[in-house]
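Engineer: Enclosed is the structure file my_file.cif (mmCIF, C-alpha atoms).
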```cif
data_entry
#
loop_
_atom_site.label_atom_id
_atom_site.label_comp_id
_atom_site.auth_asym_id
_atom_site.auth_seq_id
_atom_site.Cartn_x
_atom_site.Cartn_y
_atom_site.Cartn_z
CA MET A 516 -33.58 65.56 -42.54
CA SER A 517 -30.81 64.81 -45.05
CA ASP A 518 -28.06 62.23 -44.57
CA ARG A 519 -25.72 65.08 -43.75
CA GLU A 520 -28.03 66.36 -41.02
CA ARG A 521 -28.21 62.89 -39.49
CA ARG A 522 -24.45 62.58 -38.98
CA TRP A 523 -23.13 62.20 -35.47
CA ARG A 524 -20.76 64.93 -34.36
CA THR A 525 -17.38 63.86 -32.97
CA LEU A 526 -16.76 65.71 -29.69
CA SER A 527 -13.41 64.07 -28.94
CA SER A 528 -11.35 61.13 -30.12
CA GLU A 529 -8.65 59.12 -28.39
CA THR A 530 -6.51 56.40 -29.96
CA LEU A 531 -6.30 53.36 -27.67
CA LEU A 532 -4.25 51.03 -29.85
CA GLU A 533 -2.35 51.38 -33.10
CA ARG A 534 -1.07 48.52 -35.25
CA TRP A 535 -0.49 48.49 -39.00
CA TRP A 536 -3.76 46.63 -39.58
CA LEU A 537 -5.89 48.03 -36.74
CA THR A 538 -6.38 51.36 -35.03
CA LEU A 539 -8.79 51.28 -32.12
CA ARG A 540 -10.31 54.63 -31.13
CA VAL A 541 -12.75 55.74 -28.49
CA ASP A 542 -14.79 58.78 -29.49
CA ALA A 543 -17.29 60.93 -27.63
CA VAL A 544 -20.15 61.67 -30.03
CA GLU A 545 -23.29 63.80 -30.13
CA LEU A 546 -26.36 62.58 -32.01
CA PRO A 547 -28.71 64.91 -33.93
CA THR A 548 -31.24 64.17 -31.16
CA GLY A 549 -28.89 65.86 -28.70
CA ALA A 550 -28.01 62.59 -26.97
CA VAL A 551 -24.33 62.20 -26.15
CA ILE A 552 -22.45 58.89 -26.10
CA ASP A 553 -19.33 59.35 -23.98
CA GLU A 554 -17.50 56.27 -25.19
CA PHE A 555 -18.12 54.95 -28.68
CA HIS A 556 -15.40 52.54 -29.80
CA VAL A 557 -14.40 52.49 -33.45
CA ALA A 558 -12.08 49.96 -35.12
CA GLU A 559 -10.25 51.28 -38.17
CA TYR A 560 -9.50 48.08 -40.06
CA PRO A 561 -8.07 48.09 -43.62
CA ASP A 562 -10.31 47.20 -46.54
CA TRP A 563 -10.04 43.69 -47.93
CA ALA A 564 -10.81 41.98 -51.22
CA LEU A 565 -12.46 38.63 -51.94
CA THR A 566 -12.60 36.53 -55.10
CA ILE A 567 -15.00 33.76 -56.07
CA PRO A 568 -12.72 31.79 -58.44
CA VAL A 569 -14.51 29.49 -60.89
CA THR A 570 -12.68 27.00 -63.13
CA ALA A 571 -13.68 26.25 -66.73
CA SER A 572 -15.27 23.01 -65.51
CA GLY A 573 -17.48 24.77 -62.95
CA GLU A 574 -15.55 24.18 -59.76
CA VAL A 575 -14.97 26.87 -57.14
CA VAL A 576 -11.56 27.26 -55.51
CA LEU A 577 -11.91 27.50 -51.72
CA VAL A 578 -9.37 27.80 -48.93
CA GLU A 579 -9.76 25.84 -45.73
CA GLN A 580 -8.12 27.25 -42.62
CA TYR A 581 -8.39 27.30 -38.86
CA ARG A 582 -10.07 30.47 -37.61
CA TYR A 583 -8.93 31.40 -34.13
CA GLY A 584 -11.77 33.83 -33.29
CA VAL A 585 -14.49 31.18 -33.59
CA ASP A 586 -12.11 28.25 -32.79
CA ARG A 587 -12.88 26.07 -35.80
CA VAL A 588 -11.80 25.22 -39.32
CA GLY A 589 -13.79 27.10 -41.96
CA LEU A 590 -14.06 27.24 -45.73
CA GLU A 591 -13.74 30.63 -47.40
CA PHE A 592 -13.10 32.18 -50.77
CA PRO A 593 -9.54 33.50 -51.22
CA ALA A 594 -9.37 36.95 -49.65
CA GLY A 595 -6.98 39.36 -48.03
CA VAL A 596 -6.12 42.90 -47.07
CA VAL A 597 -5.90 45.69 -49.65
CA GLN A 598 -2.43 47.20 -49.13
CA PRO A 599 -2.07 51.00 -48.87
CA GLY A 600 -2.39 52.49 -52.36
CA GLU A 601 -3.36 49.14 -53.90
CA ASP A 602 -6.37 48.78 -56.18
CA PRO A 603 -8.98 46.35 -54.75
CA LEU A 604 -8.96 44.25 -57.95
CA ALA A 605 -5.14 44.04 -57.83
CA ALA A 606 -5.37 42.93 -54.18
CA ALA A 607 -7.99 40.29 -55.02
CA SER A 608 -5.86 38.93 -57.86
CA ARG A 609 -2.69 38.91 -55.73
CA GLU A 610 -4.38 37.12 -52.83
CA LEU A 611 -5.89 34.53 -55.18
CA ARG A 612 -2.43 33.79 -56.57
CA GLU A 613 -0.65 33.77 -53.20
CA GLU A 614 -3.21 31.64 -51.37
CA THR A 615 -4.09 29.15 -54.11
CA GLY A 616 -1.63 29.47 -57.03
CA PHE A 617 -4.62 30.12 -59.33
CA THR A 618 -4.95 33.07 -61.68
CA GLY A 619 -8.14 34.37 -63.25
CA GLU A 620 -9.00 34.91 -66.91
CA THR A 621 -12.00 37.25 -66.73
CA TRP A 622 -12.78 39.37 -63.68
CA GLN A 623 -16.13 40.83 -62.77
CA PRO A 624 -16.74 43.19 -59.83
CA LEU A 625 -19.79 42.42 -57.66
CA GLY A 626 -19.79 45.39 -55.31
CA ARG A 627 -18.62 46.19 -51.82
CA LEU A 628 -20.03 45.38 -48.40
CA ALA A 629 -19.38 46.71 -44.92
CA VAL A 630 -18.25 44.24 -42.26
CA GLU A 631 -19.84 46.07 -39.30
CA PRO A 632 -20.88 49.59 -40.34
CA ALA A 633 -21.66 50.90 -36.86
CA ARG A 634 -18.19 50.45 -35.38
CA HIS A 635 -15.84 49.37 -38.18
CA THR A 636 -14.65 51.68 -40.92
CA ASN A 637 -13.74 49.09 -43.53
CA HIS A 638 -15.34 47.44 -46.55
CA ALA A 639 -14.82 44.19 -48.44
CA PHE A 640 -14.61 44.44 -52.24
CA LEU A 641 -16.06 41.39 -54.01
CA PHE A 642 -15.08 39.88 -57.35
CA VAL A 643 -15.85 36.84 -59.47
CA ALA A 644 -12.95 35.42 -61.54
CA ARG A 645 -13.89 32.93 -64.24
CA GLY A 646 -11.73 30.54 -66.23
CA VAL A 647 -9.26 30.31 -63.35
CA SER A 648 -6.45 27.76 -63.55
CA ARG A 649 -3.46 26.79 -61.46
CA GLU A 650 -0.42 28.66 -62.71
CA VAL A 651 2.03 28.61 -59.83
CA GLU A 652 2.58 27.04 -56.42
CA PRO A 653 0.70 28.80 -53.60
CA ASP A 654 2.87 31.20 -51.60
CA PRO A 655 0.95 31.92 -48.40
CA ASP A 656 2.26 34.02 -45.51
CA SER A 657 4.23 32.02 -42.93
CA THR A 658 1.37 32.53 -40.49
CA GLU A 659 -1.20 31.05 -42.88
CA ASP A 660 -2.01 27.34 -42.68
CA LEU A 661 -4.16 26.92 -45.77
CA ARG A 662 -5.48 24.05 -47.81
CA VAL A 663 -6.91 24.58 -51.26
CA ARG A 664 -10.16 22.73 -52.06
CA LEU A 665 -11.96 22.55 -55.40
CA VAL A 666 -15.71 22.17 -54.94
CA PRO A 667 -18.42 21.94 -57.63
CA VAL A 668 -20.50 25.13 -57.46
CA GLY A 669 -23.62 23.01 -56.84
CA GLU A 670 -22.22 21.88 -53.48
CA LEU A 671 -21.64 25.36 -52.05
CA LEU A 672 -25.19 25.77 -50.77
CA LYS A 673 -24.81 22.57 -48.73
CA LEU A 674 -21.57 23.93 -47.23
CA ILE A 675 -23.42 27.11 -46.22
CA GLU A 676 -26.42 25.22 -44.84
CA ASN A 677 -24.22 22.95 -42.70
CA GLY A 678 -22.10 25.83 -41.40
CA GLU A 679 -18.79 24.94 -43.08
CA ILE A 680 -18.90 28.28 -44.91
CA VAL A 681 -19.84 30.53 -41.98
CA HIS A 682 -18.21 33.90 -42.77
CA GLY A 683 -21.10 36.31 -43.41
CA ILE A 684 -19.55 38.35 -46.22
CA HIS A 685 -18.43 35.20 -48.03
CA VAL A 686 -21.97 33.86 -47.89
CA ALA A 687 -23.30 37.19 -49.17
CA ALA A 688 -20.79 37.17 -52.04
CA PHE A 689 -21.80 33.66 -53.11
CA PHE A 690 -25.54 34.35 -53.24
CA TRP A 691 -25.02 37.74 -54.88
CA ALA A 692 -22.82 36.26 -57.62
CA TYR A 693 -25.33 33.47 -58.16
CA GLN A 694 -28.22 35.92 -58.39
CA ARG A 695 -26.26 37.99 -60.94
CA GLY A 696 -25.81 34.92 -63.14
CA LEU A 697 -22.02 34.91 -62.71
CA LEU A 698 -21.83 31.31 -61.50
CA PRO A 699 -22.60 28.21 -63.57
CA ALA A 700 -26.38 27.78 -63.66
CA GLY A 701 -28.32 24.78 -62.43
CA GLY A 702 -26.06 24.51 -59.42
CA LEU A 703 -28.46 25.13 -56.58
CA MET B 90 -4.88 16.24 -39.81
CA SER B 91 -8.19 16.66 -37.99
CA ASP B 92 -9.80 19.96 -37.06
CA ARG B 93 -8.58 19.41 -33.53
CA GLU B 94 -4.99 18.97 -34.70
CA ARG B 95 -5.20 22.20 -36.70
CA ARG B 96 -6.10 24.36 -33.71
CA TRP B 97 -3.74 27.13 -32.71
CA ARG B 98 -2.32 26.85 -29.22
CA THR B 99 -2.70 29.86 -26.93
CA LEU B 100 0.68 30.61 -25.31
CA SER B 101 -0.47 33.68 -23.39
CA SER B 102 -3.44 36.03 -23.27
CA GLU B 103 -3.72 39.61 -22.07
CA THR B 104 -6.93 41.65 -21.77
CA LEU B 105 -6.43 45.13 -23.20
CA LEU B 106 -9.93 46.52 -22.82
CA GLU B 107 -13.11 45.35 -21.10
CA ARG B 108 -16.59 46.79 -21.64
CA TRP B 109 -19.93 45.06 -21.27
CA TRP B 110 -20.21 44.60 -25.02
CA LEU B 111 -16.54 44.18 -25.98
CA THR B 112 -13.47 42.52 -24.53
CA LEU B 113 -10.29 43.09 -26.53
CA ARG B 114 -7.49 40.57 -25.95
CA VAL B 115 -4.03 40.15 -27.34
CA ASP B 116 -2.86 36.53 -27.43
CA ALA B 117 0.47 34.90 -28.30
CA VAL B 118 -0.33 31.79 -30.35
CA GLU B 119 1.52 28.83 -31.83
CA LEU B 120 0.35 27.32 -35.11
CA PRO B 121 0.52 23.56 -35.86
CA THR B 122 3.31 24.47 -38.32
CA GLY B 123 5.39 25.65 -35.37
CA ALA B 124 5.12 29.32 -36.38
CA VAL B 125 4.46 31.67 -33.49
CA ILE B 126 2.43 34.89 -33.71
CA ASP B 127 3.45 37.09 -30.78
CA GLU B 128 0.47 39.46 -30.96
CA PHE B 129 -2.86 38.22 -32.28
CA HIS B 130 -5.72 40.53 -31.33
CA VAL B 131 -9.12 39.02 -30.61
CA ALA B 132 -12.38 40.92 -30.09
CA GLU B 133 -14.93 39.15 -27.89
CA TYR B 134 -18.17 40.73 -29.06
CA PRO B 135 -21.59 39.43 -27.97
CA ASP B 136 -23.73 37.47 -30.41
CA TRP B 137 -26.54 39.33 -32.12
CA ALA B 138 -29.83 38.41 -33.77
CA LEU B 139 -31.41 39.67 -36.99
CA THR B 140 -34.94 39.38 -38.34
CA ILE B 141 -36.24 39.76 -41.89
CA PRO B 142 -39.81 40.88 -41.10
CA VAL B 143 -42.34 40.39 -43.92
CA THR B 144 -45.89 41.75 -43.79
CA ALA B 145 -48.92 39.88 -45.12
CA SER B 146 -48.85 42.14 -48.19
CA GLY B 147 -45.22 41.29 -49.03
CA GLU B 148 -43.42 44.31 -47.65
CA VAL B 149 -40.21 44.08 -45.64
CA VAL B 150 -39.74 46.22 -42.53
CA LEU B 151 -36.35 47.96 -42.60
CA VAL B 152 -34.67 50.39 -40.22
CA GLU B 153 -32.75 53.35 -41.53
CA GLN B 154 -30.03 54.78 -39.33
CA TYR B 155 -26.76 56.66 -39.41
CA ARG B 156 -23.77 54.34 -39.08
CA TYR B 157 -20.80 56.08 -37.53
CA GLY B 158 -18.11 53.56 -38.56
CA VAL B 159 -18.70 54.06 -42.30
CA ASP B 160 -20.09 57.62 -41.88
CA ARG B 161 -23.33 57.20 -43.78
CA VAL B 162 -27.00 56.37 -43.42
CA GLY B 163 -27.76 52.72 -44.14
CA LEU B 164 -30.77 50.44 -44.38
CA GLU B 165 -30.76 47.26 -42.31
CA PHE B 166 -33.10 44.61 -41.02
CA PRO B 167 -34.00 45.01 -37.33
CA ALA B 168 -31.19 43.49 -35.27
CA GLY B 169 -29.50 43.73 -31.91
CA VAL B 170 -27.39 42.11 -29.25
CA VAL B 171 -28.40 38.83 -27.60
CA GLN B 172 -28.36 39.57 -23.85
CA PRO B 173 -26.56 37.17 -21.48
CA GLY B 174 -28.73 34.07 -21.03
CA GLU B 175 -31.21 35.19 -23.68
CA ASP B 176 -32.34 32.87 -26.46
CA PRO B 177 -31.41 34.21 -29.94
CA LEU B 178 -35.03 33.98 -31.15
CA ALA B 179 -36.23 35.89 -28.07
CA ALA B 180 -33.59 38.56 -28.77
CA ALA B 181 -34.65 38.82 -32.42
CA SER B 182 -38.31 39.18 -31.45
CA ARG B 183 -37.51 41.76 -28.73
CA GLU B 184 -35.35 43.87 -31.07
CA LEU B 185 -38.01 43.77 -33.80
CA ARG B 186 -40.58 45.07 -31.34
CA GLU B 187 -38.32 47.71 -29.76
CA GLU B 188 -36.94 49.07 -33.02
CA THR B 189 -40.07 48.97 -35.19
CA GLY B 190 -43.14 48.26 -33.03
CA PHE B 191 -43.86 45.21 -35.22
CA THR B 192 -44.40 41.68 -33.96
CA GLY B 193 -44.15 38.48 -35.97
CA GLU B 194 -46.69 35.72 -36.48
CA THR B 195 -44.56 32.82 -37.73
CA TRP B 196 -40.81 32.61 -37.15
CA GLN B 197 -38.34 30.57 -39.14
CA PRO B 198 -34.62 30.23 -38.30
CA LEU B 199 -32.21 30.59 -41.22
CA GLY B 200 -28.92 29.77 -39.54
CA ARG B 201 -26.00 31.61 -38.04
CA LEU B 202 -23.05 33.43 -39.58
CA ALA B 203 -19.74 34.67 -38.23
CA VAL B 204 -18.97 38.38 -38.55
CA GLU B 205 -15.19 37.98 -38.82
CA PRO B 206 -14.17 34.46 -37.79
CA ALA B 207 -10.40 35.08 -37.65
CA ARG B 208 -10.47 37.75 -34.96
CA HIS B 209 -14.03 38.04 -33.64
CA THR B 210 -15.67 35.41 -31.46
CA ASN B 211 -19.30 36.24 -32.17
CA HIS B 212 -22.05 35.07 -34.49
CA ALA B 213 -25.25 36.57 -35.87
CA PHE B 214 -28.40 34.43 -35.64
CA LEU B 215 -30.77 34.98 -38.57
CA PHE B 216 -34.56 34.67 -38.65
CA VAL B 217 -37.46 35.34 -41.00
CA ALA B 218 -40.72 36.52 -39.41
CA ARG B 219 -43.82 36.39 -41.60
CA GLY B 220 -47.20 37.96 -41.15
CA VAL B 221 -45.68 40.81 -39.11
CA SER B 222 -47.85 43.76 -38.16
CA ARG B 223 -47.48 46.92 -36.13
CA GLU B 224 -48.65 46.27 -32.58
CA VAL B 225 -47.02 48.97 -30.48
CA GLU B 226 -45.02 52.19 -30.79
CA PRO B 227 -41.31 51.62 -31.33
CA ASP B 228 -39.23 51.96 -28.16
CA PRO B 229 -35.61 52.34 -29.31
CA ASP B 230 -32.66 53.00 -27.02
CA SER B 231 -32.03 56.69 -26.37
CA THR B 232 -28.84 56.38 -28.44
CA GLU B 233 -30.71 55.00 -31.45
CA ASP B 234 -31.96 57.38 -34.14
CA LEU B 235 -34.06 55.03 -36.25
CA ARG B 236 -36.64 55.39 -38.99
CA VAL B 237 -38.84 52.50 -39.98
CA ARG B 238 -39.31 51.92 -43.72
CA LEU B 239 -41.61 49.44 -45.42
CA VAL B 240 -40.23 48.29 -48.76
CA PRO B 241 -41.72 45.77 -51.23
CA VAL B 242 -39.51 42.67 -51.23
CA GLY B 243 -38.94 43.14 -54.98
CA GLU B 244 -37.07 46.39 -54.33
CA LEU B 245 -34.52 44.96 -51.93
CA LEU B 246 -32.15 43.78 -54.65
CA LYS B 247 -31.97 47.33 -56.02
CA LEU B 248 -31.14 48.62 -52.53
CA ILE B 249 -28.30 46.09 -52.32
CA GLU B 250 -27.03 46.85 -55.82
CA ASN B 251 -26.93 50.60 -55.16
CA GLY B 252 -25.24 50.22 -51.78
CA GLU B 253 -28.09 51.40 -49.54
CA ILE B 254 -28.11 47.97 -47.85
CA VAL B 255 -24.34 47.57 -47.34
CA HIS B 256 -24.02 45.46 -44.16
CA GLY B 257 -22.57 42.12 -45.29
CA ILE B 258 -24.50 39.83 -42.95
CA HIS B 259 -27.79 41.57 -43.76
CA VAL B 260 -27.15 41.02 -47.48
CA ALA B 261 -26.31 37.37 -46.81
CA ALA B 262 -29.52 36.95 -44.78
CA PHE B 263 -31.67 38.40 -47.55
CA PHE B 264 -30.30 36.18 -50.33
CA TRP B 265 -30.32 33.11 -48.08
CA ALA B 266 -33.97 33.64 -47.12
CA TYR B 267 -34.88 34.20 -50.75
CA GLN B 268 -33.06 31.05 -51.84
CA ARG B 269 -34.89 29.07 -49.13
CA GLY B 270 -38.24 30.27 -50.49
CA LEU B 271 -39.08 32.18 -47.30
CA LEU B 272 -39.73 35.49 -49.07
CA PRO B 273 -42.63 36.23 -51.43
CA ALA B 274 -41.70 34.78 -54.84
CA GLY B 275 -41.43 36.72 -58.07
CA GLY B 276 -39.73 39.58 -56.28
CA LEU B 277 -36.30 39.63 -57.87
#
```
Starting from the coordinates I provided, produce the structure as structure tokens.

Structural biologist:
Amino acid sequence: MSDRERRWRTLSSETLLERWWLTLRVDAVELPTGAVIDEFHVAEYPDWALTIPVTASGEVVLVEQYRYGVDRVGLEFPAGVVQPGEDPLAAASRELREETGFTGETWQPLGRLAVEPARHTNHAFLFVARGVSREVEPDPDSTEDLRVRLVPVGELLKLIENGEIVHGIHVAAFFWAYQRGLLPAGGL
Amino acid sequence: MSDRERRWRTLSSETLLERWWLTLRVDAVELPTGAVIDEFHVAEYPDWALTIPVTASGEVVLVEQYRYGVDRVGLEFPAGVVQPGEDPLAAASRELREETGFTGETWQPLGRLAVEPARHTNHAFLFVARGVSREVEPDPDSTEDLRVRLVPVGELLKLIENGEIVHGIHVAAFFWAYQRGLLPAGGL
């Protein structure tokens, strides 16, 4: 059976909630097996873009912020929503500049990952920016309470192991970039 | 300012939707900066557990299934929801058995990751099971349309690079386990 033949068929779809950054739907769906799920909730989130920014001296630029969903402060790479019509690389570069004041010299795409492919429609686009340096003052949104932290790349694994970097896609991006040889070697 | 001082204060909270596996809330919150966000949506999903199952001959047991949110067939490690009161390791072991018919010999915890720490409350608990073998017939839920695939560990990177394994936390789990030396060496 091909991918196409394994698709679920949408029997009906109702929008429960609509905001600029989230549309929540409930669909009735029929599986190729004939099984019907009366209520399958789908969250249409926008795509977002993430950058692993590395300075010439081998430090990574991280942002530290309180995360309400899990009720704790976490460390993440600079990231944010891809605006309608915006290129993911342009979004990554804009978010890096807004959140940290850093700009990148050479950009390398890693790939894209799904946040929760069963129920969410969106992807995160991942980039590594090397030779980054501070060009301007950060200009975060008024609802962002960010601190910028520069961390030697060799310390990132410890931050993952002790749960300070806990966001799954950020952890995936770090290991993927390391495996590709895009981060300074000898770090881990 | 300590982590505690950086917490957002909940001014009000309204439940918009309540299902056994999802509660959607909208909160009004005040940041330590004094900024107020009138509508901050939070999804209370249950935790889930994931297993990287490795056979004695160095193959990884994957499940292939259609994912409605991103409208494509994807490859993932066996995973599923931690039931109320259930231990994450027990959930991982149960899901491995139900989805694939395999059981594990030695279990190793990797850690836990957040799916989307800003707006989701849940975590995924990650495990590696070695020496797994097929003990029983798979017994998936009636709404699951799964195929079990055994893949040499050395081919997983290719499946990530070409987007067949696209779920962010699954990709993070694979690289993390590899970095910890829990997967057969020489693979990548």

Engineer: Could you list, as a ChimeraX atom specification, every residue of chain A that has an atom within 7 Å of an atom of chain B, counting only C-alpha atoms?

Structural biologist: /A:518,521-523,550,557,581-585,587-588,628-636,658,681-684,686-687,690

Engineer: Set the distance at 10 Å and use all atoms listed in the file: which residues neighbour stretch 193-195 of chain B once local chain neighbours fewer than 3 positions away are removed? I'd like the list as JSON, numbers by chain.

Structural biologist: {"B": [140, 141, 142, 143, 144, 145, 182, 185, 186, 217, 218, 219, 220, 221, 222, 223, 224]}

Engineer: List as a list in words the protein and nucleic acid residues near A:Thr530, meaning an atom at most 9 Å away when all atoms listed in the file are counted, but skip any in the same chain fewer than 4 places from it.

Structural biologist: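 Near A:Thr530, the qualifying residues are Thr538, Leu539, Arg540, Val541 and Asp542 of chain A.
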
Engineer: Any chance you could resolve the PyMOL selection byres ((chain A and resi 603) around 10) against this file and give the residues as a PyMOL selection string?

Structural biologist: chain A and resi 562-565+595-598+600-602+604-609+624+639-642

Engineer: Hey, can you check how far atom CA of A:Val663 sits from atom CA of A:Glu579?

Structural biologist: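 It comes out at 6.3 Å.
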
Engineer: Work out where the centre of an axis-aligned box around every listed atom of stretch 616-629 of chain A lies and how long its edges are once 8 Å is added on each side; give both in Å to one decimal as JSON.

Structural biologist:
```
{"center_x": -10.8, "center_y": 38.1, "center_z": -55.9, "size_x": 34.4, "size_y": 33.2, "size_z": 38.0}
```
